Amino acid sequence: MARVVATTCVLTALLLVPSASAKGIEHAIFVGADGRAVDVGGGDRIMRAGKAAGFPKQGGYLLVYPFLRSGLPVGTGRYYPVSRIACFSVFRVSVHLPCYHAAPYLPAHLGRAAALPRFTKAPTRIVHLVRNGVTQALDPTAAPTFELAFAHWRNAREATAPEPCPLSYVAHWAGPEAAARPASFCLAPDGVYADGKRYPVSPQAYAKLVKS
């Protein structure tokens with residue numbers, strides 16, 4: 001527990017303080033409005049923040065899921081390519097994400113992610129999560145793991161969930177796509193199963209969640 005709290009505090013400071021270097025970040029997955037995603041590498045340089053910025057008033061955004069070198073997702077964010085503004089937080093309960101001008105590295109190395117279609121409405125998020133009948137905290141691993149899996153729906157394949165299910169979840173979603181998100185799903189070592197499909201997840205995320 002102490003390790004999780006310490007990691008959260010460190011990453012909060014690194015991701016949300018201008019000009020800070022997000023130590024420990026390996027890569028980030030950028031997701032477009034059509035369910036496609038692009039993995040952008042670059043290590044710590046991806047998440048570096050410049051000066052604080054106001055919330056962008058024009059131009060859509062891409063969902064952003066940073067990953068640590070350990071393979072764990074850590075929080076979530078949005079990136080607005082037109083204004084080059086990034087809004088991030090490792091706190092899953094955050095309603096208003098702090099925004100910063102992205103450091104030059106990110107817009108210069110966005111690559112194929114720059115062509116992804118942008119979201120124009122509020123993001124759809126998990127607001128309540130229950131595992132095997134027990135309410136779970138919306139920590140920097142659990143909610144981003146499932147939100148990424150279902151946002152990147154083009155990566156899903158038809159499959160039958162294992163029986164018995166290792167970890168059974170019930171989720172309450174909020175946002176414009178809430179009705180389309182699975183209300184219940186099964187987490188197994190090879191992915192998360194919902195509505196007859198399997199959505200890949202990070203093996204490291206599964207290993208952490210199964211122990212939490």
# chains A, B, ... in the order shown; residues from 1 in each chain; ligands from 1
$ residues_around --residues "segment 101-105 of chain A" --least-positions-apart "6" --cutoff "7 Å" --atoms "only C-alpha atoms" --output "VMD selection string"
chain A and resid 45 to 46 48 to 53 84 to 86
$ select_by_dssp --residues "segment 15-152 of chain A" --states "strand (DSSP E)" --output "count of residues only"
47
$ closest_residue --among "A:Leu167, A:Val40, A:Ile29, A:Ala108" --to "Ala149 of chain A" --atoms "only C-alpha atoms"
A:Ile29
$ closest_residue --among "A:Leu110, A:Cys186, A:Leu116, A:Leu68" --to "Arg36 of chain A" --atoms "only C-alpha atoms"
A:Leu116
$ residues_around --residues "Arg118 of chain A" --least-positions-apart "3" --cutoff "12 Å" --atoms "only C-alpha atoms" --output "PyMOL selection string"
chain A and resi 30-37+58-64+78-82+113-115+121-123
$ write_last_selection --atoms "N, CA, C and O atoms" --output "short mmCIF file (atom, residue, chain, number, x, y, z; two decimals), in the first residue's frame"
data_model
loop_
_atom_site.label_atom_id
_atom_site.label_comp_id
_atom_site.auth_asym_id
_atom_site.auth_seq_id
_atom_site.Cartn_x
_atom_site.Cartn_y
_atom_site.Cartn_z
N PHE A 30 -2.05 6.75 -27.48
CA PHE A 30 -2.98 7.80 -27.87
C PHE A 30 -4.15 7.14 -28.59
O PHE A 30 -3.94 6.40 -29.56
N VAL A 31 -5.36 7.42 -28.15
CA VAL A 31 -6.56 6.78 -28.71
C VAL A 31 -7.43 7.83 -29.39
O VAL A 31 -7.70 8.90 -28.83
N GLY A 32 -7.88 7.50 -30.62
CA GLY A 32 -8.73 8.39 -31.37
C GLY A 32 -10.20 8.06 -31.21
O GLY A 32 -10.58 7.02 -30.65
N ALA A 33 -11.06 8.92 -31.74
CA ALA A 33 -12.50 8.76 -31.59
C ALA A 33 -13.06 7.57 -32.35
O ALA A 33 -14.19 7.16 -32.11
N ASP A 34 -12.27 6.99 -33.27
CA ASP A 34 -12.75 5.85 -34.04
C ASP A 34 -12.28 4.51 -33.48
O ASP A 34 -12.42 3.48 -34.12
N GLY A 35 -11.72 4.52 -32.27
CA GLY A 35 -11.29 3.28 -31.63
C GLY A 35 -9.90 2.82 -32.01
O GLY A 35 -9.43 1.81 -31.51
N ARG A 36 -9.23 3.57 -32.88
CA ARG A 36 -7.85 3.23 -33.22
C ARG A 36 -6.90 3.87 -32.22
O ARG A 36 -7.24 4.86 -31.57
N ALA A 37 -5.70 3.30 -32.11
CA ALA A 37 -4.73 3.82 -31.16
C ALA A 37 -3.33 3.74 -31.73
O ALA A 37 -3.04 2.90 -32.59
N GLN A 58 -10.93 25.30 -28.54
CA GLN A 58 -11.19 24.84 -29.89
C GLN A 58 -10.27 23.67 -30.23
O GLN A 58 -9.22 23.51 -29.64
N GLY A 59 -10.72 22.87 -31.18
CA GLY A 59 -9.93 21.70 -31.56
C GLY A 59 -10.24 20.53 -30.66
O GLY A 59 -10.40 20.68 -29.45
N GLY A 60 -10.38 19.35 -31.26
CA GLY A 60 -10.66 18.16 -30.48
C GLY A 60 -9.42 17.63 -29.80
O GLY A 60 -8.34 18.21 -29.88
N TYR A 61 -9.58 16.49 -29.13
CA TYR A 61 -8.48 15.93 -28.37
C TYR A 61 -8.36 14.43 -28.60
O TYR A 61 -9.27 13.76 -29.11
N LEU A 62 -7.21 13.89 -28.20
CA LEU A 62 -6.96 12.45 -28.18
C LEU A 62 -6.87 12.02 -26.73
O LEU A 62 -6.35 12.75 -25.89
N LEU A 63 -7.38 10.84 -26.43
CA LEU A 63 -7.19 10.27 -25.10
C LEU A 63 -5.75 9.80 -24.98
O LEU A 63 -5.18 9.27 -25.93
N VAL A 64 -5.15 9.97 -23.81
CA VAL A 64 -3.75 9.60 -23.60
C VAL A 64 -3.64 8.72 -22.36
O VAL A 64 -4.19 9.05 -21.30
N ARG A 78 -5.61 13.98 -21.71
CA ARG A 78 -6.09 14.38 -23.03
C ARG A 78 -5.02 15.24 -23.68
O ARG A 78 -4.35 16.03 -23.01
N TYR A 79 -4.88 15.10 -24.98
CA TYR A 79 -3.94 15.94 -25.71
C TYR A 79 -4.66 16.61 -26.86
O TYR A 79 -5.33 15.95 -27.66
N TYR A 80 -4.52 17.94 -26.94
CA TYR A 80 -5.16 18.75 -27.97
C TYR A 80 -4.11 19.14 -29.00
O TYR A 80 -3.33 20.08 -28.77
N PRO A 81 -4.04 18.43 -30.13
CA PRO A 81 -2.97 18.67 -31.12
C PRO A 81 -2.95 20.08 -31.69
O PRO A 81 -1.87 20.62 -31.94
N VAL A 82 -4.11 20.68 -31.94
CA VAL A 82 -4.14 22.00 -32.55
C VAL A 82 -3.46 23.04 -31.66
O VAL A 82 -2.64 23.84 -32.10
N ALA A 113 -0.13 9.22 -34.71
CA ALA A 113 -1.19 9.62 -33.78
C ALA A 113 -1.80 10.96 -34.18
O ALA A 113 -2.96 11.24 -33.87
N ALA A 114 -1.03 11.78 -34.89
CA ALA A 114 -1.54 13.09 -35.31
C ALA A 114 -2.71 12.96 -36.28
O ALA A 114 -3.52 13.88 -36.42
N ALA A 115 -2.80 11.82 -36.97
CA ALA A 115 -3.86 11.62 -37.95
C ALA A 115 -5.11 10.98 -37.36
O ALA A 115 -6.12 10.83 -38.05
N LYS A 121 -16.50 15.61 -27.61
CA LYS A 121 -17.35 15.64 -26.42
C LYS A 121 -16.53 15.21 -25.20
O LYS A 121 -15.41 14.76 -25.33
N ALA A 122 -17.13 15.34 -24.04
CA ALA A 122 -16.45 14.96 -22.80
C ALA A 122 -16.07 13.48 -22.84
O ALA A 122 -16.78 12.67 -23.45
N PRO A 123 -14.96 13.10 -22.22
CA PRO A 123 -14.56 11.69 -22.21
C PRO A 123 -15.51 10.85 -21.37
O PRO A 123 -16.15 11.35 -20.45
#
$ closest_residue --among "A:Phe119, A:Tyr193, A:Tyr100, A:Phe146" --to "Ser83 of chain A" --atoms "only C-alpha atoms"
A:Tyr100
$ closest_residue --among "A:Ala161, A:Ala180, A:Ile126, A:Ala142" --to "Gly196 of chain A" --atoms "only C-alpha atoms"
A:Ala161
$ closest_residue --among "A:Thr135, A:Thr141, A:Ser212, A:Asn155" --to "Tyr65 of chain A" --atoms "only C-alpha atoms"
A:Thr141
$ select_by_dssp --residues "segment 29-197 of chain A" --states "alpha helix (DSSP H)" --output "number ranges by chain"
A: 105-108, 142-151
$ write_last_selection --atoms "N, CA and C atoms" --output "PDB file, in the first residue's frame"
ATOM      1  N   TYR A 105       8.912  18.094 -27.534  1.00  0.00           N
ATOM      2  CA  TYR A 105       9.119  16.718 -27.987  1.00  0.00           C
ATOM      3  C   TYR A 105       7.815  16.060 -28.438  1.00  0.00           C
ATOM      4  N   LEU A 106       6.738  16.248 -27.686  1.00  0.00           N
ATOM      5  CA  LEU A 106       5.493  15.545 -27.989  1.00  0.00           C
ATOM      6  C   LEU A 106       4.920  15.904 -29.359  1.00  0.00           C
ATOM      7  N   PRO A 107       4.652  17.171 -29.664  1.00  0.00           N
ATOM      8  CA  PRO A 107       4.101  17.472 -31.004  1.00  0.00           C
ATOM      9  C   PRO A 107       5.050  17.089 -32.136  1.00  0.00           C
ATOM     10  N   ALA A 108       6.351  17.105 -31.870  1.00  0.00           N
ATOM     11  CA  ALA A 108       7.323  16.778 -32.913  1.00  0.00           C
ATOM     12  C   ALA A 108       7.413  15.284 -33.189  1.00  0.00           C
ATOM     13  N   ALA A 142      -6.399   0.594 -12.104  1.00  0.00           N
ATOM     14  CA  ALA A 142      -7.643  -0.116 -12.417  1.00  0.00           C
ATOM     15  C   ALA A 142      -8.478   0.581 -13.483  1.00  0.00           C
ATOM     16  N   ALA A 143      -8.915   1.806 -13.210  1.00  0.00           N
ATOM     17  CA  ALA A 143      -9.797   2.497 -14.155  1.00  0.00           C
ATOM     18  C   ALA A 143      -9.132   2.736 -15.508  1.00  0.00           C
ATOM     19  N   PRO A 144      -7.871   3.231 -15.555  1.00  0.00           N
ATOM     20  CA  PRO A 144      -7.246   3.422 -16.872  1.00  0.00           C
ATOM     21  C   PRO A 144      -7.105   2.129 -17.665  1.00  0.00           C
ATOM     22  N   THR A 145      -6.863   1.009 -16.980  1.00  0.00           N
ATOM     23  CA  THR A 145      -6.728  -0.278 -17.673  1.00  0.00           C
ATOM     24  C   THR A 145      -7.992  -0.601 -18.451  1.00  0.00           C
ATOM     25  N   PHE A 146      -9.142  -0.451 -17.814  1.00  0.00           N
ATOM     26  CA  PHE A 146     -10.407  -0.795 -18.461  1.00  0.00           C
ATOM     27  C   PHE A 146     -10.862   0.289 -19.432  1.00  0.00           C
ATOM     28  N   GLU A 147     -10.644   1.534 -19.082  1.00  0.00           N
ATOM     29  CA  GLU A 147     -11.043   2.614 -19.990  1.00  0.00           C
ATOM     30  C   GLU A 147     -10.273   2.524 -21.306  1.00  0.00           C
ATOM     31  N   LEU A 148      -8.984   2.233 -21.218  1.00  0.00           N
ATOM     32  CA  LEU A 148      -8.176   2.085 -22.429  1.00  0.00           C
ATOM     33  C   LEU A 148      -8.639   0.882 -23.236  1.00  0.00           C
ATOM     34  N   ALA A 149      -8.875  -0.237 -22.570  1.00  0.00           N
ATOM     35  CA  ALA A 149      -9.286  -1.453 -23.277  1.00  0.00           C
ATOM     36  C   ALA A 149     -10.546  -1.225 -24.096  1.00  0.00           C
ATOM     37  N   PHE A 150     -11.535  -0.549 -23.518  1.00  0.00           N
ATOM     38  CA  PHE A 150     -12.808  -0.366 -24.214  1.00  0.00           C
ATOM     39  C   PHE A 150     -12.787   0.825 -25.175  1.00  0.00           C
ATOM     40  N   ALA A 151     -11.956   1.827 -24.895  1.00  0.00           N
ATOM     41  CA  ALA A 151     -11.827   2.943 -25.840  1.00  0.00           C
ATOM     42  C   ALA A 151     -11.133   2.472 -27.117  1.00  0.00           C
TER      43      ALA A 151
END
